[in-house]
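Printed here is model09.cif (mmCIF, C-alpha atoms):
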```
data_model
loop_
_atom_site.label_atom_id
_atom_site.label_comp_id
_atom_site.auth_asym_id
_atom_site.auth_seq_id
_atom_site.Cartn_x
_atom_site.Cartn_y
_atom_site.Cartn_z
CA MET X 248 119.08 71.23 90.57
CA LYS X 249 115.77 72.96 91.19
CA LEU X 250 117.12 74.73 94.26
CA LEU X 251 120.24 75.80 92.36
CA SER X 252 118.14 77.27 89.56
CA VAL X 253 115.98 79.17 92.04
CA ILE X 254 119.05 80.60 93.79
CA THR X 255 120.45 81.63 90.41
CA PHE X 256 117.17 83.36 89.60
CA PHE X 257 117.23 85.39 92.77
CA LEU X 258 120.86 86.38 92.34
CA LEU X 259 120.14 87.52 88.79
CA CYS X 260 117.19 89.58 89.96
CA LEU X 261 119.37 91.28 92.57
CA SER X 262 121.40 92.92 89.83
CA ALA X 263 118.34 94.41 88.15
CA SER X 264 117.95 98.14 88.71
CA GLY X 265 114.59 99.49 89.79
CA GLN X 266 112.48 102.08 88.02
CA LEU X 267 111.62 105.32 89.80
CA ILE X 268 108.01 105.81 90.84
CA SER X 269 106.13 108.59 92.59
CA VAL X 270 104.41 107.55 95.82
CA ASN X 271 101.65 109.68 97.33
CA GLY X 272 100.00 108.64 100.57
CA ILE X 273 96.21 108.22 100.57
CA ASP X 274 95.26 106.63 103.88
CA ARG X 275 97.01 104.26 106.26
CA ASP X 276 97.17 103.11 109.86
CA GLY X 277 100.96 103.30 110.03
CA TYR X 278 101.66 99.79 108.73
CA GLY X 279 99.39 99.39 105.73
CA GLY X 280 96.90 101.18 103.53
CA THR X 281 96.77 102.69 100.06
CA TYR X 282 99.20 104.65 97.91
CA GLN X 283 98.70 106.53 94.67
CA LEU X 284 101.49 105.32 92.38
CA SER X 285 102.72 106.91 89.16
CA GLY X 286 105.58 106.11 86.81
CA SER X 287 107.27 102.91 85.62
CA GLY X 288 104.00 101.41 84.43
CA TYR X 289 101.78 102.64 87.26
CA ASP X 290 98.91 104.75 86.02
CA GLY X 291 98.32 107.08 88.96
CA GLY X 292 95.77 104.72 90.51
CA ASN X 293 95.57 103.65 94.15
CA TYR X 294 97.15 100.38 95.30
CA TRP X 295 97.19 98.45 98.55
CA TRP X 296 100.55 98.41 100.35
CA MET X 297 101.89 96.95 103.57
CA CYS X 298 105.00 97.91 105.53
CA ALA X 299 108.13 95.99 104.57
CA GLU X 300 110.48 97.74 106.98
CA PRO X 301 109.85 96.92 110.64
CA ILE X 302 112.15 99.61 112.01
CA PRO X 303 110.87 101.34 115.18
CA GLY X 304 110.10 104.99 114.53
CA THR X 305 109.56 104.78 110.78
CA THR X 306 106.16 105.44 109.29
CA GLY X 307 104.41 105.11 105.97
CA ALA X 308 103.49 108.14 103.91
CA GLY X 309 100.05 109.40 104.87
CA SER X 310 97.63 111.84 103.30
CA GLY X 311 99.50 114.75 101.75
CA GLN X 312 102.88 113.04 102.14
CA GLY X 313 104.96 111.27 99.52
CA MET X 314 108.32 110.06 98.28
CA ILE X 315 110.22 108.95 95.21
CA ALA X 316 111.00 105.23 95.36
CA ASN X 317 112.49 102.43 93.32
CA SER X 318 110.01 99.87 92.03
CA LEU X 319 111.61 96.45 92.56
CA SER X 320 110.57 92.81 92.53
CA LEU X 321 110.48 91.02 95.89
CA ALA X 322 113.80 89.43 95.04
CA GLY X 323 115.29 92.75 93.96
CA GLY X 324 114.14 94.65 97.02
CA TRP X 325 114.37 92.13 99.86
CA ASP X 326 117.84 93.23 100.98
CA ARG X 327 117.73 96.97 100.41
CA GLN X 328 114.94 98.62 102.37
CA ASN X 329 117.66 100.79 103.93
CA THR X 330 121.42 101.12 103.58
CA GLU X 331 122.05 99.36 106.90
CA ARG X 332 120.16 96.27 105.75
CA LEU X 333 122.00 96.18 102.42
CA ASN X 334 125.33 96.49 104.23
CA ASP X 335 124.29 93.61 106.49
CA TYR X 336 123.61 91.39 103.48
CA ASN X 337 126.83 92.45 101.75
CA SER X 338 128.71 91.48 104.90
CA ASN X 339 126.93 88.12 105.03
CA PRO X 340 126.73 86.93 101.40
CA GLY X 341 125.72 83.47 102.57
CA PHE X 342 122.25 84.90 103.27
CA TYR X 343 121.64 85.08 99.53
CA SER X 344 121.98 81.33 99.08
CA SER X 345 120.34 80.19 102.32
CA ALA X 346 117.38 81.96 103.86
CA TYR X 347 116.92 84.65 101.20
CA PRO X 348 115.23 82.58 98.43
CA LYS X 349 112.96 80.66 100.77
CA GLN X 350 111.91 83.76 102.69
CA ILE X 351 110.61 85.28 99.46
CA ASN X 352 108.99 82.05 98.30
CA ILE X 353 107.28 81.59 101.67
CA LEU X 354 105.98 85.16 101.62
CA SER X 355 104.72 84.74 98.04
CA TYR X 356 102.89 81.57 99.07
CA VAL X 357 101.34 83.27 102.11
CA LEU X 358 100.17 86.22 100.01
CA ASP X 359 98.72 83.92 97.35
CA THR X 360 96.99 81.64 99.85
CA TYR X 361 95.83 83.88 102.67
CA LEU X 362 95.12 87.18 100.90
CA ARG X 363 92.93 85.89 98.11
CA TRP X 364 90.88 88.14 95.85
CA ASP X 365 87.62 86.48 96.92
CA LEU X 366 88.04 87.99 100.39
CA ALA X 367 87.03 91.37 98.96
CA GLY X 368 83.47 90.63 97.91
CA ALA X 369 81.22 88.69 95.58
CA SER X 370 83.24 89.49 92.48
CA GLY X 371 86.54 88.71 94.20
CA ARG X 372 88.09 92.09 93.40
CA PHE X 373 90.06 94.29 95.79
CA THR X 374 88.40 97.32 94.18
CA GLU X 375 85.31 96.53 96.24
CA GLN X 376 87.15 96.84 99.53
CA ASN X 377 86.86 100.11 101.44
CA SER X 378 90.37 101.50 102.04
CA THR X 379 89.49 104.04 104.75
CA ALA X 380 91.97 103.45 107.57
CA ALA X 381 89.29 103.97 110.22
CA ASN X 382 87.86 100.59 109.15
CA PHE X 383 91.10 98.61 109.33
CA GLY X 384 90.43 97.37 112.86
CA ASN X 385 87.05 95.87 111.99
CA ASP X 386 86.42 92.15 112.35
CA ASP X 387 86.26 91.71 108.58
CA ALA X 388 87.64 88.84 106.50
CA PHE X 389 89.67 91.12 104.24
CA TYR X 390 91.14 93.36 106.96
CA ASN X 391 91.87 90.37 109.19
CA SER X 392 93.73 88.62 106.37
CA PHE X 393 95.50 91.74 105.11
CA PHE X 394 97.00 92.73 108.45
CA THR X 395 97.76 89.17 109.50
CA VAL X 396 99.74 88.66 106.28
CA GLN X 397 101.39 92.03 106.91
CA ASN X 398 102.38 90.69 110.32
CA VAL X 399 103.86 87.60 108.63
CA LEU X 400 105.84 89.85 106.26
CA ASN X 401 107.40 91.80 109.11
CA ASN X 402 108.25 88.74 111.16
CA LEU X 403 109.64 86.88 108.17
CA TYR X 404 111.58 89.84 106.83
CA GLY X 405 113.49 90.61 110.01
CA ALA X 406 115.78 93.58 110.60
CA PRO X 407 118.62 92.85 110.20
CA GLY X 408 118.24 89.91 107.84
CA LYS X 409 117.20 86.61 109.37
CA THR X 410 118.96 83.34 108.76
CA ASP X 411 116.11 81.06 109.85
CA TYR X 412 113.51 81.27 107.11
CA THR X 413 110.95 79.12 108.94
CA ASP X 414 110.83 81.14 112.15
CA ILE X 415 108.15 83.66 111.17
CA SER X 416 107.13 84.13 114.80
CA PHE X 417 110.74 84.98 115.76
CA GLY X 418 110.60 82.47 118.60
CA GLU X 419 110.71 85.40 121.05
CA ALA X 420 108.46 86.27 123.97
CA ASN X 421 107.08 89.30 122.15
CA PRO X 422 107.04 88.82 118.37
CA PHE X 423 105.81 91.66 116.21
CA THR X 424 102.05 91.98 116.41
CA PHE X 425 101.31 94.80 114.00
CA TYR X 426 97.77 93.55 113.42
CA GLU X 427 96.73 94.31 117.00
CA GLY X 428 97.46 98.03 116.71
CA ASN X 429 94.72 98.82 114.22
CA ALA X 430 92.26 96.46 115.96
CA THR X 431 92.70 97.84 119.49
CA GLY X 432 89.59 97.15 121.52
CA ASN X 433 88.09 94.80 118.96
CA THR X 434 88.62 91.48 120.69
CA ALA X 435 86.90 89.52 117.92
CA ALA X 436 89.21 90.96 115.25
CA ILE X 437 92.34 90.37 117.34
CA ALA X 438 91.29 86.79 118.10
CA ALA X 439 90.61 86.13 114.41
CA ARG X 440 93.98 87.54 113.39
CA GLN X 441 95.87 85.64 116.06
CA SER X 442 94.15 82.44 114.98
CA LEU X 443 94.95 83.06 111.33
CA PHE X 444 98.57 83.88 112.17
CA ASN X 445 98.91 80.58 114.03
CA THR X 446 97.32 78.76 111.08
CA ILE X 447 99.85 80.33 108.70
CA VAL X 448 102.79 79.48 110.98
CA ASN X 449 101.66 75.86 111.24
CA ASP X 450 101.08 75.66 107.49
CA VAL X 451 104.53 77.03 106.68
CA ASP X 452 106.18 74.77 109.26
CA SER X 453 104.50 71.71 107.77
CA LYS X 454 105.78 72.54 104.29
CA ALA X 455 109.21 73.91 105.19
CA GLY X 456 110.62 70.46 105.83
CA THR X 457 109.82 69.41 102.27
CA SER X 458 110.86 70.79 98.90
CA PHE X 459 107.62 72.77 98.60
CA PHE X 460 109.22 76.20 98.90
CA ASP X 461 112.35 75.40 96.88
CA ALA X 462 110.76 76.40 93.59
CA TYR X 463 107.46 78.02 94.55
CA VAL X 464 106.34 80.56 91.94
CA ALA X 465 104.09 83.42 92.99
CA GLN X 466 100.61 83.44 91.50
CA GLY X 467 100.19 87.17 92.19
CA THR X 468 102.43 90.12 91.41
CA TYR X 469 104.03 91.74 94.43
CA MET X 470 106.57 94.53 94.19
CA ILE X 471 108.69 96.55 96.62
CA ALA X 472 108.65 100.35 96.67
CA SER X 473 112.10 101.04 98.12
CA SER X 474 113.64 104.33 99.19
CA SER X 475 116.94 102.71 100.29
CA PHE X 476 118.06 105.55 102.56
CA SER X 477 119.66 105.19 105.97
CA THR X 478 117.37 104.48 108.90
CA ALA X 479 118.47 107.88 110.24
CA ASN X 480 116.43 109.46 107.44
CA ASN X 481 113.25 108.05 108.91
CA GLY X 482 110.64 110.48 107.66
CA LEU X 483 110.14 111.94 111.12
CA GLY X 484 112.66 114.78 111.24
CA PRO X 485 113.04 118.06 109.34
CA GLU X 486 111.89 118.10 105.74
CA ASP X 487 115.39 117.44 104.39
CA SER X 488 115.58 114.17 106.35
CA ASN X 489 112.17 112.87 105.28
CA LYS X 490 113.60 110.32 102.85
CA ASN X 491 113.33 106.89 104.41
CA TRP X 492 109.61 106.28 104.60
CA GLN X 493 108.70 102.68 105.34
CA ASP X 494 109.47 100.64 102.26
CA ALA X 495 106.29 99.03 101.05
CA LEU X 496 105.21 95.75 99.55
CA ILE X 497 102.81 96.71 96.76
CA ILE X 498 100.01 94.32 95.74
CA VAL X 499 99.88 94.79 91.98
CA ALA X 500 97.98 92.06 90.15
CA PRO X 501 97.51 88.32 89.77
CA VAL X 502 99.74 86.42 87.37
CA PRO X 503 97.48 84.20 85.20
CA GLU X 504 100.30 81.98 83.94
CA PRO X 505 102.52 80.68 86.78
CA SER X 506 105.23 79.73 84.29
CA GLY X 507 105.61 83.37 83.34
CA ALA X 508 106.11 84.70 86.86
CA ILE X 509 109.91 84.37 86.93
CA LEU X 510 110.29 86.21 83.65
CA ILE X 511 107.92 88.93 84.81
CA ALA X 512 109.73 89.44 88.11
CA CYS X 513 113.07 89.94 86.39
CA THR X 514 111.98 92.11 83.50
CA GLY X 515 109.42 94.33 85.20
CA LEU X 516 106.84 93.65 82.50
CA ALA X 517 104.24 92.83 85.13
CA PHE X 518 103.17 96.45 85.26
CA MET X 519 102.23 96.47 81.58
CA LEU X 520 101.05 92.92 80.99
CA ARG X 521 98.88 92.24 84.03
CA ARG X 522 95.65 93.75 85.32
CA PHE X 523 96.33 96.20 88.14
CA ARG X 524 94.79 95.48 91.50
CA ARG X 525 93.58 98.98 92.30
CA VAL X 526 91.42 100.22 95.13
CA THR X 527 88.59 102.69 95.28
CA VAL X 528 89.03 105.25 98.02
#
```

Would you mind giving the structure from this file in structure tokens?
Amino acid sequence: MKLLSVITFFLLCLSASGQLISVNGIDRDGYGGTYQLSGSGYDGGNYWWMCAEPIPGTTGAGSGQGMIANSLSLAGGWDRQNTERLNDYNSNPGFYSSAYPKQINILSYVLDTYLRWDLAGASGRFTEQNSTAANFGNDDAFYNSFFTVQNVLNNLYGAPGKTDYTDISFGEANPFTFYEGNATGNTAAIAARQSLFNTIVNDVDSKAGTSFFDAYVAQGTYMIASSSFSTANNGLGPEDSNKNWQDALIIVAPVPEPSGAILIACTGLAFMLRRFRRVTV
């Protein structure tokens, strides 16, 4: 019954329409960084984001670049980072009742567990963390965790949609390794991120065979900024085709009361009722 209720929750969230927000790039390495967000509850502050669309050739909005996006919950945005992905899910509706719920629950758990606030400094606030992209490759606890979790997101997300929710390393000879790009030449940082990635994979594998992820409720608030254009509009061509910037997972705020997370995800009240996790640039 618990699994059925969770599936019902995700299907209900899918029907929720997103609110338009303005996204302005601040600084990024191509796969993660900070955005200035306005509209639909955002106050024009800067927020950490990580790429949620592992499509070769796409890029996140950088300094002086921007887009208009839909602000969606993880459940509402998981299938629609581009029209091709949404068509893939519509053609395979079984995804919604199989891998889809657990993928989101696993990602929520990984974000909650391996990208904790106390990684950012003595006070445990992300506002203390320097968001200059030139620092992203440093052997630093926050950067190592941030880009390792971003690597988990991209491997778990899959493009097109994946049916095996436990295989976050893809089981291929060359899985995505986004964290190595910004740490090129820093062997200590790469080693730390590889080690953490393996720890996360082993942790997820150990729990996936139980009911742990069936009804996991996120402790933090994580949203999707989705442009939902075709992959052909990849932000790299003429100005009129610059529509499909990488869709981004936005780290918004912690959810103090776990029991309220489902309600918040479906209603969008998280923006107004929870402290924003903003960054100082």

For X:Ala380, the nearest of the candidates X:Ser338, X:Gln283, X:Ser442, X:Asn429, counting all atoms listed in the file: X:Asn429

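Of the residues listed (X:Asn271, X:Asn385, X:Asn402, X:Asn317), X:Asn317 shows the shortest atom-to-atom separation from X:Ala472; distances use only C-alpha atoms.
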
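Residue nearest X:Ile471, chosen from X:Ala367, X:Ser310, X:Gln328, X:Gly286 and counting only C-alpha atoms: X:Gln328.
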
Result set, the PyMOL selection byres ((chain X and resi 287) around 9) on current file, as a list in words: Gln266, Leu267, Ile268, Ser285, Gly286, Gly288, Tyr289, Asp290, Ser318, Gly515 and Phe518 of chain X

Prev. selection, C-alpha atoms, output as an mmCIF file, keeping the file's coordinate frame:
```cif
data_model
loop_
_atom_site.group_PDB
_atom_site.id
_atom_site.type_symbol
_atom_site.label_atom_id
_atom_site.label_comp_id
_atom_site.auth_asym_id
_atom_site.auth_seq_id
_atom_site.Cartn_x
_atom_site.Cartn_y
_atom_site.Cartn_z
ATOM 1 C CA GLN X 266 112.480 102.080 88.020
ATOM 2 C CA LEU X 267 111.620 105.320 89.800
ATOM 3 C CA ILE X 268 108.010 105.810 90.840
ATOM 4 C CA SER X 285 102.720 106.910 89.160
ATOM 5 C CA GLY X 286 105.580 106.110 86.810
ATOM 6 C CA GLY X 288 104.000 101.410 84.430
ATOM 7 C CA TYR X 289 101.780 102.640 87.260
ATOM 8 C CA ASP X 290 98.910 104.750 86.020
ATOM 9 C CA SER X 318 110.010 99.870 92.030
ATOM 10 C CA GLY X 515 109.420 94.330 85.200
ATOM 11 C CA PHE X 518 103.170 96.450 85.260
#
```

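Here the selection is built from all atoms listed in the file, and the residues within 12 Å of (84.0, 97.8, 113.8) turn out to be X:Ala380, X:Ala381, X:Asn382, X:Phe383, X:Gly384, X:Asn385, X:Asp386, X:Asp387, X:Tyr390, X:Asn391, X:Asn429, X:Ala430, X:Thr431, X:Gly432, X:Asn433, X:Thr434, X:Ala435, X:Ala436, X:Ile437.
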
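Residues matching the PyMOL selection byres ((chain X and resi 345-355) around 6) in this structure come to Phe342, Tyr343, Ser344, Tyr356, Val357, Leu358, Thr410, Tyr412, Phe460, Tyr463 and Ala465 of chain X.
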
Residue nearest X:Ser474 - candidates X:Leu366, X:Ile273, X:Ala495, X:Ala388, atoms counted: only C-alpha atoms: X:Ala495

Go through the shown structure with the PyMOL selection byres ((chain X and resi 447-449) around 12) and write out the matching residues as a JSON list (two decimals) with C-alpha atoms, keeping the file's coordinate frame.
```
[["chain", "number", "residue", "atom", "x", "y", "z"],
["X", 353, "ILE", "CA", 107.28, 81.59, 101.67],
["X", 354, "LEU", "CA", 105.98, 85.16, 101.62],
["X", 356, "TYR", "CA", 102.89, 81.57, 99.07],
["X", 357, "VAL", "CA", 101.34, 83.27, 102.11],
["X", 358, "LEU", "CA", 100.17, 86.22, 100.01],
["X", 359, "ASP", "CA", 98.72, 83.92, 97.35],
["X", 360, "THR", "CA", 96.99, 81.64, 99.85],
["X", 361, "TYR", "CA", 95.83, 83.88, 102.67],
["X", 362, "LEU", "CA", 95.12, 87.18, 100.90],
["X", 392, "SER", "CA", 93.73, 88.62, 106.37],
["X", 395, "THR", "CA", 97.76, 89.17, 109.50],
["X", 396, "VAL", "CA", 99.74, 88.66, 106.28],
["X", 397, "GLN", "CA", 101.39, 92.03, 106.91],
["X", 398, "ASN", "CA", 102.38, 90.69, 110.32],
["X", 399, "VAL", "CA", 103.86, 87.60, 108.63],
["X", 400, "LEU", "CA", 105.84, 89.85, 106.26],
["X", 402, "ASN", "CA", 108.25, 88.74, 111.16],
["X", 403, "LEU", "CA", 109.64, 86.88, 108.17],
["X", 412, "TYR", "CA", 113.51, 81.27, 107.11],
["X", 413, "THR", "CA", 110.95, 79.12, 108.94],
["X", 414, "ASP", "CA", 110.83, 81.14, 112.15],
["X", 415, "ILE", "CA", 108.15, 83.66, 111.17],
["X", 416, "SER", "CA", 107.13, 84.13, 114.80],
["X", 417, "PHE", "CA", 110.74, 84.98, 115.76],
["X", 418, "GLY", "CA", 110.60, 82.47, 118.60],
["X", 440, "ARG", "CA", 93.98, 87.54, 113.39],
["X", 441, "GLN", "CA", 95.87, 85.64, 116.06],
["X", 442, "SER", "CA", 94.15, 82.44, 114.98],
["X", 443, "LEU", "CA", 94.95, 83.06, 111.33],
["X", 444, "PHE", "CA", 98.57, 83.88, 112.17],
["X", 445, "ASN", "CA", 98.91, 80.58, 114.03],
["X", 446, "THR", "CA", 97.32, 78.76, 111.08],
["X", 450, "ASP", "CA", 101.08, 75.66, 107.49],
["X", 451, "VAL", "CA", 104.53, 77.03, 106.68],
["X", 452, "ASP", "CA", 106.18, 74.77, 109.26],
["X", 453, "SER", "CA", 104.50, 71.71, 107.77],
["X", 454, "LYS", "CA", 105.78, 72.54, 104.29],
["X", 455, "ALA", "CA", 109.21, 73.91, 105.19],
["X", 456, "GLY", "CA", 110.62, 70.46, 105.83]]
```

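In this model, the gap between atom CA of X:Glu375 and atom CA of X:Gln466 comes to 20.7 Å.
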
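With atom CA of X:Gly323 on one side and atom CA of X:Met297 on the other, the separation reads 17.0 Å.
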
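One finds atom CA of X:Ala322 at 21.3 Å from atom CA of X:Gly307.
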
Point (100.1, 106.1, 107.1), cut-off 8 Å, counting all atoms listed in the file, residues as a count of residues only: 14

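Of the listed residues (X:Asp326, X:Ile498, X:Ala462, X:Ala439), X:Ile498 comes nearest to X:Thr281; the distances count only C-alpha atoms.
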
Grab all the atoms of stretch 422-435 of chain X that the file lists, wrap them in a box along x, y and z, add 4 Å per side, and give me centre plus edge lengths in Å (one decimal) as AutoDock Vina command-line options.
```
--center_x 97.0 --center_y 93.8 --center_z 117.5 --size_x 28.1 --size_y 18.0 --size_z 16.1
```

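Of the residues under consideration (X:Gln493, X:Ser475, X:Thr379, X:Thr330), X:Ser475 shows the shortest atom-to-atom contact distance to X:Gly265 when counting all atoms listed in the file.
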